Each structure stands twice: as structure tokens, then as C-alpha cells.
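A.B. asks: Quick one, start21.pdb (PDB, C-alpha atoms):
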```
ATOM      1  CA  MET I1185      33.848 -13.240  85.038
ATOM      2  CA  HIS I1186      32.802 -16.180  87.154
ATOM      3  CA  THR I1187      35.340 -16.727  89.891
ATOM      4  CA  THR I1188      35.631 -20.500  89.556
ATOM      5  CA  SER I1189      39.225 -19.970  88.507
ATOM      6  CA  ILE I1190      40.126 -17.529  91.284
ATOM      7  CA  ALA I1191      42.619 -20.013  92.750
ATOM      8  CA  ARG I1192      44.559 -20.360  89.510
ATOM      9  CA  GLY I1193      47.267 -17.790  88.912
ATOM     10  CA  ALA I1194      48.913 -19.006  85.708
ATOM     11  CA  ILE I1195      47.915 -19.789  82.158
ATOM     12  CA  TYR I1196      49.100 -23.349  82.628
ATOM     13  CA  ALA I1197      46.899 -24.087  85.624
ATOM     14  CA  ALA I1198      43.917 -22.686  83.768
ATOM     15  CA  LEU I1199      44.452 -25.403  81.178
ATOM     16  CA  VAL I1200      44.947 -28.105  83.780
ATOM     17  CA  THR I1201      41.960 -27.303  85.926
ATOM     18  CA  SER I1202      39.117 -25.563  84.177
ATOM     19  CA  PHE I1203      39.302 -25.048  80.392
ATOM     20  CA  THR I1204      37.274 -21.906  81.078
ATOM     21  CA  ILE I1205      37.391 -19.217  78.417
ATOM     22  CA  LEU I1206      36.327 -15.970  79.985
ATOM     23  CA  THR I1207      36.838 -12.935  77.803
ATOM     24  CA  ALA I1208      38.663 -11.570  74.797
ATOM     25  CA  PHE I1209      40.126  -8.251  73.752
ATOM     26  CA  ARG I1210      41.409  -6.767  70.534
ATOM     27  CA  SER I1211      44.690  -8.174  69.315
ATOM     28  CA  GLU I1212      46.601  -4.905  69.388
ATOM     29  CA  GLY I1213      47.164  -2.464  72.204
ATOM     30  CA  ASN I1214      46.753  -2.486  75.947
ATOM     31  CA  HIS I1215      43.178  -2.471  77.213
ATOM     32  CA  ILE I1216      43.272  -3.941  80.691
ATOM     33  CA  GLY I1217      46.560  -2.742  82.063
ATOM     34  CA  PHE I1218      48.839  -5.283  80.373
ATOM     35  CA  PRO I1219      52.412  -4.364  79.547
ATOM     36  CA  ASN I1220      52.865  -4.471  75.791
ATOM     37  CA  GLY I1221      55.835  -5.481  73.710
ATOM     38  CA  GLY I1222      57.974  -8.586  73.617
ATOM     39  CA  ASP I1223      58.879 -10.719  70.641
ATOM     40  CA  GLN I1224      56.358  -9.691  67.985
ATOM     41  CA  GLN I1225      56.896 -12.875  65.962
ATOM     42  CA  THR I1226      56.749 -15.610  68.608
ATOM     43  CA  TYR I1227      53.296 -16.744  69.723
ATOM     44  CA  LEU I1228      51.944 -19.400  72.024
ATOM     45  CA  HIS I1229      50.566 -22.243  69.907
ATOM     46  CA  LYS I1230      49.772 -25.214  72.130
ATOM     47  CA  MET I1231      49.558 -26.292  75.780
ATOM     48  CA  VAL I1232      49.396 -29.996  76.611
ATOM     49  CA  SER I1233      48.606 -31.600  79.961
ATOM     50  CA  PRO I1234      47.173 -34.906  81.210
ATOM     51  CA  ALA I1235      43.744 -33.208  81.209
ATOM     52  CA  GLY I1236      43.894 -32.417  77.493
ATOM     53  CA  GLN I1237      45.292 -29.666  75.307
ATOM     54  CA  THR I1238      44.637 -26.147  74.067
ATOM     55  CA  THR I1239      45.624 -25.053  70.547
ATOM     56  CA  VAL I1240      45.659 -21.429  69.380
ATOM     57  CA  GLU I1241      45.312 -20.685  65.646
ATOM     58  CA  TYR I1242      46.044 -17.245  64.176
ATOM     59  CA  ASN I1243      44.868 -15.114  61.266
ATOM     60  CA  PRO I1244      47.360 -13.594  58.785
ATOM     61  CA  ASP I1245      47.252 -10.332  60.780
ATOM     62  CA  LYS I1246      48.235 -12.327  63.932
ATOM     63  CA  SER I1247      44.838 -11.926  65.564
ATOM     64  CA  ILE I1248      43.349 -15.107  66.990
ATOM     65  CA  ARG I1249      41.287 -17.161  64.536
ATOM     66  CA  ARG I1250      40.331 -20.077  66.726
ATOM     67  CA  ILE I1251      41.057 -21.613  70.134
ATOM     68  CA  ILE I1252      40.444 -25.354  70.396
ATOM     69  CA  GLN I1253      40.335 -26.991  73.806
ATOM     70  CA  LEU I1254      40.252 -30.778  74.043
ATOM     71  CA  ARG I1255      39.170 -32.188  77.397
ATOM     72  CA  LYS I1256      39.861 -35.799  78.251
ATOM     73  CA  THR I1257      37.731 -37.947  80.533
ATOM     74  CA  GLU I1258      37.903 -41.646  81.280
ATOM     75  CA  ASN I1259      35.383 -42.405  78.549
ATOM     76  CA  ALA I1260      35.650 -39.696  75.910
ATOM     77  CA  THR I1261      37.318 -36.551  74.583
ATOM     78  CA  TYR I1262      35.336 -33.324  74.222
ATOM     79  CA  SER I1263      36.015 -30.244  72.095
ATOM     80  CA  ASP I1264      35.309 -26.631  73.022
ATOM     81  CA  VAL I1265      35.979 -24.139  70.230
ATOM     82  CA  GLN I1266      36.057 -20.346  70.597
ATOM     83  CA  LEU I1267      35.836 -18.161  67.489
ATOM     84  CA  PRO I1268      36.778 -14.493  68.031
ATOM     85  CA  VAL I1269      35.020 -11.950  65.794
ATOM     86  CA  TYR I1270      36.813  -8.672  65.013
ATOM     87  CA  GLU I1271      35.512  -5.409  63.574
ATOM     88  CA  ASN I1272      38.031  -2.774  62.479
ATOM     89  CA  GLY I1273      40.774  -4.603  64.384
ATOM     90  CA  ARG I1274      38.796  -4.713  67.614
ATOM     91  CA  LEU I1275      37.345  -7.864  69.115
ATOM     92  CA  VAL I1276      33.611  -7.360  69.521
ATOM     93  CA  LYS I1277      32.367 -10.867  70.292
ATOM     94  CA  CYS I1278      33.327 -14.502  70.592
ATOM     95  CA  LEU I1279      31.341 -17.483  69.272
ATOM     96  CA  SER I1280      31.318 -21.013  70.657
ATOM     97  CA  ALA I1281      31.165 -24.326  68.772
ATOM     98  CA  ALA I1282      31.867 -28.032  69.284
ATOM     99  CA  ASP I1283      33.286 -28.743  65.794
ATOM    100  CA  GLU I1284      37.053 -28.229  65.579
ATOM    101  CA  LYS I1285      36.697 -26.990  61.972
ATOM    102  CA  ALA I1286      33.776 -24.664  62.661
ATOM    103  CA  VAL I1287      33.850 -21.175  61.148
ATOM    104  CA  THR I1288      30.782 -19.916  63.018
ATOM    105  CA  GLY I1289      28.916 -20.788  66.185
ATOM    106  CA  ASP I1290      26.569 -19.623  68.916
ATOM    107  CA  PRO I1291      27.002 -16.298  70.756
ATOM    108  CA  TYR I1292      29.262 -16.766  73.749
ATOM    109  CA  LEU I1293      30.726 -13.365  74.681
ATOM    110  CA  SER I1294      30.378  -9.759  73.577
ATOM    111  CA  PHE I1295      32.327  -6.624  74.482
ATOM    112  CA  GLU I1296      31.644  -2.933  74.959
ATOM    113  CA  TYR I1297      34.367  -0.286  75.086
ATOM    114  CA  SER I1298      34.893   3.054  76.785
ATOM    115  CA  SER I1299      37.943   5.252  76.098
ATOM    116  CA  ASP I1300      39.452   2.383  74.106
ATOM    117  CA  LYS I1301      39.210  -0.045  77.046
ATOM    118  CA  VAL I1302      36.776  -2.894  77.565
ATOM    119  CA  SER I1303      34.105  -1.646  79.926
ATOM    120  CA  ARG I1304      31.593  -4.494  79.807
ATOM    121  CA  ILE I1305      31.735  -8.217  79.021
ATOM    122  CA  SER I1306      28.424  -9.980  78.390
ATOM    123  CA  TYR I1307      27.916 -13.742  78.672
ATOM    124  CA  TYR I1308      25.366 -15.634  76.590
ATOM    125  CA  ARG I1309      23.239 -18.712  77.076
ATOM    126  CA  ASP I1310      20.651 -19.831  74.499
ATOM    127  CA  ASN I1311      21.383 -16.696  72.428
ATOM    128  CA  ALA I1312      20.542 -14.343  75.305
ATOM    129  CA  VAL I1313      22.680 -12.449  77.830
ATOM    130  CA  TYR I1314      22.376 -14.053  81.256
ATOM    131  CA  SER I1315      25.176 -12.166  83.074
ATOM    132  CA  TYR I1316      27.800  -9.512  82.536
ATOM    133  CA  ASP I1317      30.929  -8.012  84.098
ATOM    134  CA  SER I1318      31.604  -4.300  84.419
ATOM    135  CA  LEU I1319      35.292  -3.294  84.504
ATOM    136  CA  ALA I1320      36.741  -0.275  86.321
ATOM    137  CA  TYR I1321      40.317   1.003  85.909
ATOM    138  CA  ASP I1322      42.757   2.966  88.058
ATOM    139  CA  ALA I1323      44.525   6.171  87.023
ATOM    140  CA  SER I1324      47.368   4.225  85.403
ATOM    141  CA  GLY I1325      44.966   2.247  83.203
ATOM    142  CA  LYS I1326      45.188  -1.060  85.073
ATOM    143  CA  ILE I1327      42.064  -2.948  85.998
ATOM    144  CA  ALA I1328      41.067  -2.088  89.572
ATOM    145  CA  ARG I1329      37.684  -3.776  90.009
ATOM    146  CA  ARG I1330      35.548  -6.245  88.112
ATOM    147  CA  TYR I1331      31.864  -6.217  89.066
ATOM    148  CA  GLN I1332      29.564  -9.182  88.443
ATOM    149  CA  PHE I1333      25.927  -8.760  87.445
ATOM    150  CA  GLY I1334      23.253 -11.426  87.075
ATOM    151  CA  HIS I1335      19.657 -11.207  85.911
ATOM    152  CA  ASN I1336      16.967 -11.576  88.566
ATOM    153  CA  GLY I1337      13.995 -13.024  86.694
ATOM    154  CA  ALA I1338      11.547 -12.419  89.523
ATOM    155  CA  LYS I1339      12.386  -8.703  89.628
ATOM    156  CA  ALA I1340      13.127  -8.465  85.900
ATOM    157  CA  ALA I1341      16.284  -6.525  86.777
ATOM    158  CA  TRP I1342      20.076  -6.839  86.795
ATOM    159  CA  GLU I1343      21.683  -7.218  90.207
ATOM    160  CA  ASN I1344      25.302  -6.710  91.274
ATOM    161  CA  SER I1345      26.299  -9.934  93.067
ATOM    162  CA  GLY I1346      29.910  -9.085  93.902
ATOM    163  CA  TYR I1347      33.261  -7.927  92.592
ATOM    164  CA  LEU I1348      36.993  -8.612  92.423
ATOM    165  CA  GLU I1349      39.457  -5.967  93.586
ATOM    166  CA  TYR I1350      43.046  -5.951  92.277
ATOM    167  CA  THR I1351      46.160  -4.592  94.015
ATOM    168  CA  TRP I1352      49.164  -4.032  91.712
ATOM    169  CA  ASN I1353      52.861  -3.579  92.464
ATOM    170  CA  GLN I1354      55.326  -1.329  90.659
ATOM    171  CA  GLU I1355      56.600  -4.248  88.574
ATOM    172  CA  GLY I1356      53.288  -4.623  86.737
ATOM    173  CA  ASP I1357      52.138  -7.665  88.715
ATOM    174  CA  VAL I1358      48.925  -8.274  90.653
ATOM    175  CA  GLU I1359      50.046  -8.665  94.270
ATOM    176  CA  ARG I1360      46.619  -9.471  95.633
ATOM    177  CA  MET I1361      43.127 -10.197  94.360
ATOM    178  CA  ASP I1362      40.255  -9.821  96.851
ATOM    179  CA  THR I1363      36.734 -11.152  96.400
ATOM    180  CA  TYR I1364      33.648  -9.394  97.769
ATOM    181  CA  GLY I1365      30.134 -10.809  97.681
ATOM    182  CA  LYS I1366      26.673 -10.580  99.171
ATOM    183  CA  GLN I1367      26.029 -12.389 102.430
ATOM    184  CA  PRO I1368      22.706 -13.001 104.247
ATOM    185  CA  GLY I1369      22.076 -10.338 106.846
ATOM    186  CA  TYR I1370      24.466  -7.782 105.309
ATOM    187  CA  SER I1371      23.393  -4.802 103.232
ATOM    188  CA  LYS I1372      26.905  -4.139 101.896
ATOM    189  CA  PHE I1373      29.327  -6.386 100.064
ATOM    190  CA  VAL I1374      31.423  -8.535 102.395
ATOM    191  CA  TYR I1375      35.047  -9.586 101.935
ATOM    192  CA  THR I1376      34.993 -13.359 101.331
ATOM    193  CA  SER I1377      38.459 -14.448 100.144
ATOM    194  CA  SER I1378      41.767 -13.328  98.690
ATOM    195  CA  VAL I1379      44.692 -14.611  96.669
ATOM    196  CA  SER I1380      48.174 -13.147  97.122
ATOM    197  CA  TYR I1381      50.946 -13.823  94.601
ATOM    198  CA  THR I1382      54.732 -13.917  94.260
ATOM    199  CA  TYR I1383      56.525 -13.936  90.897
ATOM    200  CA  ASP I1384      59.770 -14.746  89.162
ATOM    201  CA  ARG I1385      61.471 -12.164  86.929
ATOM    202  CA  MET I1386      60.712 -13.874  83.615
ATOM    203  CA  ARG I1387      58.137 -12.412  81.252
ATOM    204  CA  ASN I1388      54.646 -13.873  81.386
ATOM    205  CA  PRO I1389      54.144 -15.389  77.899
ATOM    206  CA  GLN I1390      50.523 -14.270  77.865
ATOM    207  CA  GLN I1391      51.782 -10.712  77.434
ATOM    208  CA  LEU I1392      53.133 -11.624  73.998
ATOM    209  CA  GLN I1393      49.488 -11.819  72.904
ATOM    210  CA  PRO I1394      47.619  -9.757  75.513
ATOM    211  CA  GLU I1395      44.104 -11.087  74.929
ATOM    212  CA  LEU I1396      45.256 -14.595  75.850
ATOM    213  CA  ALA I1397      45.626 -13.390  79.425
ATOM    214  CA  ILE I1398      41.846 -13.180  79.516
ATOM    215  CA  LEU I1399      40.894 -15.828  76.974
ATOM    216  CA  LEU I1400      42.843 -18.378  79.023
ATOM    217  CA  ASP I1401      42.061 -16.841  82.366
ATOM    218  CA  GLY I1402      43.998 -17.961  85.413
ATOM    219  CA  GLY I1403      43.146 -15.309  87.992
ATOM    220  CA  GLY I1404      45.166 -12.234  88.869
ATOM    221  CA  GLY I1405      48.433 -13.873  87.883
ATOM    222  CA  SER I1406      47.364 -14.106  84.264
ATOM    223  CA  LEU I1407      47.161 -10.311  84.087
ATOM    224  CA  SER I1408      50.677  -9.808  85.399
ATOM    225  CA  ALA I1409      53.949  -9.037  83.670
ATOM    226  CA  HIS I1410      55.827 -11.976  85.209
ATOM    227  CA  ASN I1411      55.187 -15.649  85.970
ATOM    228  CA  VAL I1412      53.541 -16.709  89.226
ATOM    229  CA  LEU I1413      55.674 -18.676  91.693
ATOM    230  CA  THR I1414      53.229 -18.971  94.596
ATOM    231  CA  GLU I1415      49.577 -18.305  95.352
ATOM    232  CA  ASN I1416      48.310 -18.034  98.905
ATOM    233  CA  ILE I1417      44.531 -18.381  99.154
ATOM    234  CA  SER I1418      42.885 -17.221 102.368
ATOM    235  CA  SER I1419      39.460 -16.498 103.801
ATOM    236  CA  PRO I1420      38.249 -14.576 106.868
ATOM    237  CA  ASN I1421      36.229 -17.632 107.893
ATOM    238  CA  THR I1422      39.256 -19.864 108.482
ATOM    239  CA  SER I1423      42.854 -19.597 109.599
ATOM    240  CA  ARG I1424      43.930 -22.114 106.987
ATOM    241  CA  VAL I1425      45.906 -20.766 104.024
ATOM    242  CA  ILE I1426      46.099 -22.828 100.838
ATOM    243  CA  THR I1427      49.416 -22.474  99.025
ATOM    244  CA  ASN I1428      49.919 -23.421  95.384
ATOM    245  CA  THR I1429      53.354 -23.367  93.774
ATOM    246  CA  TYR I1430      54.577 -23.156  90.174
ATOM    247  CA  THR I1431      57.941 -24.086  88.676
ATOM    248  CA  TYR I1432      59.052 -23.507  85.091
ATOM    249  CA  ALA I1433      61.590 -24.813  82.599
ATOM    250  CA  TYR I1434      62.672 -22.145  80.118
ATOM    251  CA  ASN I1435      64.099 -22.407  76.620
ATOM    252  CA  GLY I1436      65.741 -19.030  76.570
ATOM    253  CA  LYS I1437      63.028 -16.550  77.527
ATOM    254  CA  TYR I1438      60.052 -18.808  76.782
ATOM    255  CA  PRO I1439      58.703 -21.407  79.226
ATOM    256  CA  VAL I1440      58.406 -24.843  77.625
ATOM    257  CA  ARG I1441      57.204 -26.649  80.722
ATOM    258  CA  ALA I1442      55.299 -25.568  83.831
ATOM    259  CA  THR I1443      54.529 -27.661  86.906
ATOM    260  CA  PHE I1444      51.654 -26.809  89.234
ATOM    261  CA  SER I1445      51.695 -28.230  92.771
ATOM    262  CA  SER I1446      48.980 -28.090  95.416
ATOM    263  CA  GLY I1447      49.804 -30.276  98.391
ATOM    264  CA  MET I1448      50.135 -33.854  97.180
ATOM    265  CA  ASP I1449      48.835 -33.073  93.689
ATOM    266  CA  GLU I1450      51.251 -32.131  90.901
ATOM    267  CA  THR I1451      50.593 -31.563  87.210
ATOM    268  CA  THR I1452      52.952 -30.605  84.382
ATOM    269  CA  VAL I1453      51.962 -28.695  81.257
ATOM    270  CA  LYS I1454      54.104 -28.511  78.108
ATOM    271  CA  LEU I1455      54.058 -25.376  75.932
ATOM    272  CA  GLU I1456      54.778 -25.096  72.220
ATOM    273  CA  TRP I1457      55.578 -21.886  70.323
ATOM    274  CA  ILE I1458      55.391 -20.783  66.699
ATOM    275  CA  LYS I1459      56.865 -17.952  64.651
ATOM    276  CA  LEU I1460      54.466 -15.748  62.705
ATOM    277  CA  GLN I1461      55.771 -13.491  59.953
TER     278      GLN I1461
END
```
So, in terms of C-alpha cells, how does the structure I just supplied come out?

C.D. replies:
Amino acid sequence: MHTTSIARGAIYAALVTSFTILTAFRSEGNHIGFPNGGDQQTYLHKMVSPAGQTTVEYNPDKSIRRIIQLRKTENATYSDVQLPVYENGRLVKCLSAADEKAVTGDPYLSFEYSSDKVSRISYYRDNAVYSYDSLAYDASGKIARRYQFGHNGAKAAWENSGYLEYTWNQEGDVERMDTYGKQPGYSKFVYTSSVSYTYDRMRNPQQLQPELAILLDGGGGSLSAHNVLTENISSPNTSRVITNTYTYAYNGKYPVRATFSSGMDETTVKLEWIKLQ
């Protein structure tokens, strides 16, 4: 799962800050506690920011064909392409390529299921699994914990290095996401940080295509039914709390612009939508 994006609670900030694609799920149904429904013809097509842009292409059955992320630097523009692979309507793996027109690529992610929910997400490097996440759900079917495992070459064994714990409210939003990890001198996992969220009452557009909430991961907020307004990031090692804020411009029920602010820094992302028949 790789918690580099733990401090990003919205799809828009994920584009602005990291371009990290984390996981993918089948295009139909609810497998990690997402609310389903919404406009079944309107889909997120493009997000554009000063850092670059993300474009989502769809298959005739409305599953995702390709996600193209363009990252801009001072000297060049780079492409990251993700190619979901489906079997019997279920996403089983995702390939990675650098060519925007690629139809195949190198192994990037693979997925295992239990009781019709994703139970394990494996990450690849040089055609081999180097880490994986194990997902646990609560009684209502929402994700409760996400455990991280890495391979210890010296011991030739997989080791659990930490986990995320999610607290949900009755509105279908993640109120809090806590991180636990291993610390020197401790035999048990130690609480290391948390992110608490507030939301508006508008529908999170990622829920229109549920796997995008993970493909374009932005922390606990990306799993939620509504759009993040604030994130408060705290740690037991300091009294300082970092607060990020989000504001949105809506065209009806769809956000067409989102602004992320962290202190003196402010970035705006534009969103484009398409109709699929």
C-alpha cells in the first residue's frame, strides 16, 4: 500500500503530489466498502494540474482500459501507463508501461479475492513480488485494516512491517486513519501517526467508478462517500498538527475544479467528465 500518500485525502491531491497508482478492483460491485450507485453514464476522464495530468480511458463495457499519467519536470515530461487486466469481469492484475499507446507491459500489481472482496494486493519489481498488502474488513464490509508485508532476503521470509487502521462514520466516510509500525526496542506495533478528516455533503466522484478510489489513491478520504474538506495530520512525537484544506467548484453534482492548500502552498486541479453509453 505504501503510505507515501497518507497525507493526501482527495483524488485531486493524489494527482498533484504523487502520481502513485496503488491498487485496482473489478469495475462492478463493492469490494472495499465503497457506496455504489450514482450516475452510471458519467465518468471521470481527465485531471489536469501544474504537475501534469491523468487521463482515464474506458473499454466498451465501461471497465478501465488504460490510465495515462504525465508528469512534468523542469526539463522533461514523463509517462506512466497502467493497463488493468480483467478475467470474467474481475480485475486480476495491472501492467505498467512507459508508452502511451502500449497494449501490454510489465507486471505491476496482482489481486487475490476472498468472499468476493480483495484480500491481497501484490506489488512487483523486475517481474517478481517484492511486497504485498493484506486487507481485513469489518462486519459491514468496509475495510478495517490494511497490513503491509515485505520480503526479508536474509531470513528468506515475509515480514509484517505495519498496518493502517480505518475508523468510519455512519455517513460512509473515513473519519480517521491511524498508522502503526515497528519501532526499535518494541516487540509490538507502535502507533506512529494519524489523519482525521472532515467532509462536505457532495458525492465523492471516485465512487462513480469505485476502483478509481484505489487506482488514484489519496488516503482514507479517497475511500469515502463525500469530498474531503480538511485533513489534520498528527503524531505522538510532536504537538504540531498539520492541516490541509480542500475547496471545490461544482458544475451541478460534479466537481470541475479542486484547490488543495497546505500552509502557503496552493494548487488547483481541473477535472473533465465524459458520458459513456

A.B. asks: To one decimal place in Å, what is the distance between CA of Gln1332 in chain I and CA of Asn1344 in chain I?

C.D. replies: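 Straight-line distance from CA of Gln1332 in chain I to CA of Asn1344 in chain I works out to 5.7 Å.
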
A.B. asks: Could you spell out the hits of the PyMOL selection byres ((chain I and resi 1230-1242) around 8) on the shown file, as an NGL selection string?

C.D. replies: :I and (1196 or 1199-1201 or 1228-1229 or 1243-1257 or 1451-1457)

A.B. asks: I need the output of the PyMOL selection byres ((chain I and resi 1416-1432) around 10) for this file as a PyMOL selection string; which residues are they?

C.D. replies: chain I and resi 1190-1194+1196-1197+1360-1363+1375-1384+1386+1411-1415+1433-1435+1438-1447+1449-1454

A.B. asks: Measuring between only C-alpha atoms, which one of I:Ala1282, I:Tyr1316, I:Gly1273, I:Ala1328 shows the shortest distance to Ser1294 in chain I?

C.D. replies: I:Tyr1316

A.B. asks: Output the residue selection produced by the PyMOL selection byres ((chain I and resi 1352) around 10) on the file above, formatted as a list in words.

C.D. replies: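 On the file shown, the PyMOL selection byres ((chain I and resi 1352) around 10) covers Lys1326, Ile1327, Ala1328, Tyr1350, Thr1351, Asn1353, Gln1354, Glu1355, Gly1356, Asp1357, Val1358, Glu1359, Arg1360, Met1361, Gly1404 and Ser1408 of chain I.
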
A.B. asks: Mind pulling up the distance from CA of Thr1261 in chain I to CA of Ser1280 in chain I?

C.D. replies: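 Pair CA of Ser1280 in chain I / CA of Thr1261 in chain I returns 17.1 Å.
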
A.B. asks: Between CA of Arg1309 in chain I and CA of Phe1295 in chain I, what is the spacing in Å?

C.D. replies: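 Between CA of Phe1295 in chain I and CA of Arg1309 in chain I the gap works out to 15.3 Å.
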
A.B. asks: Using only C-alpha atoms for the distances, tell me which of I:Lys1301, I:Gln1266, I:Asn1259, I:Gly1334 is nearest to Asp1322 in chain I.

C.D. replies: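 Smallest distance to Asp1322 in chain I is found for I:Lys1301.
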
A.B. asks: Nearest residue to Tyr1297 in chain I out of I:Ala1409, I:Leu1267, I:Leu1275, I:Ala1323, using only C-alpha atoms?

C.D. replies: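 Checking each candidate against Tyr1297 in chain I, we get I:Leu1275 as the closest.
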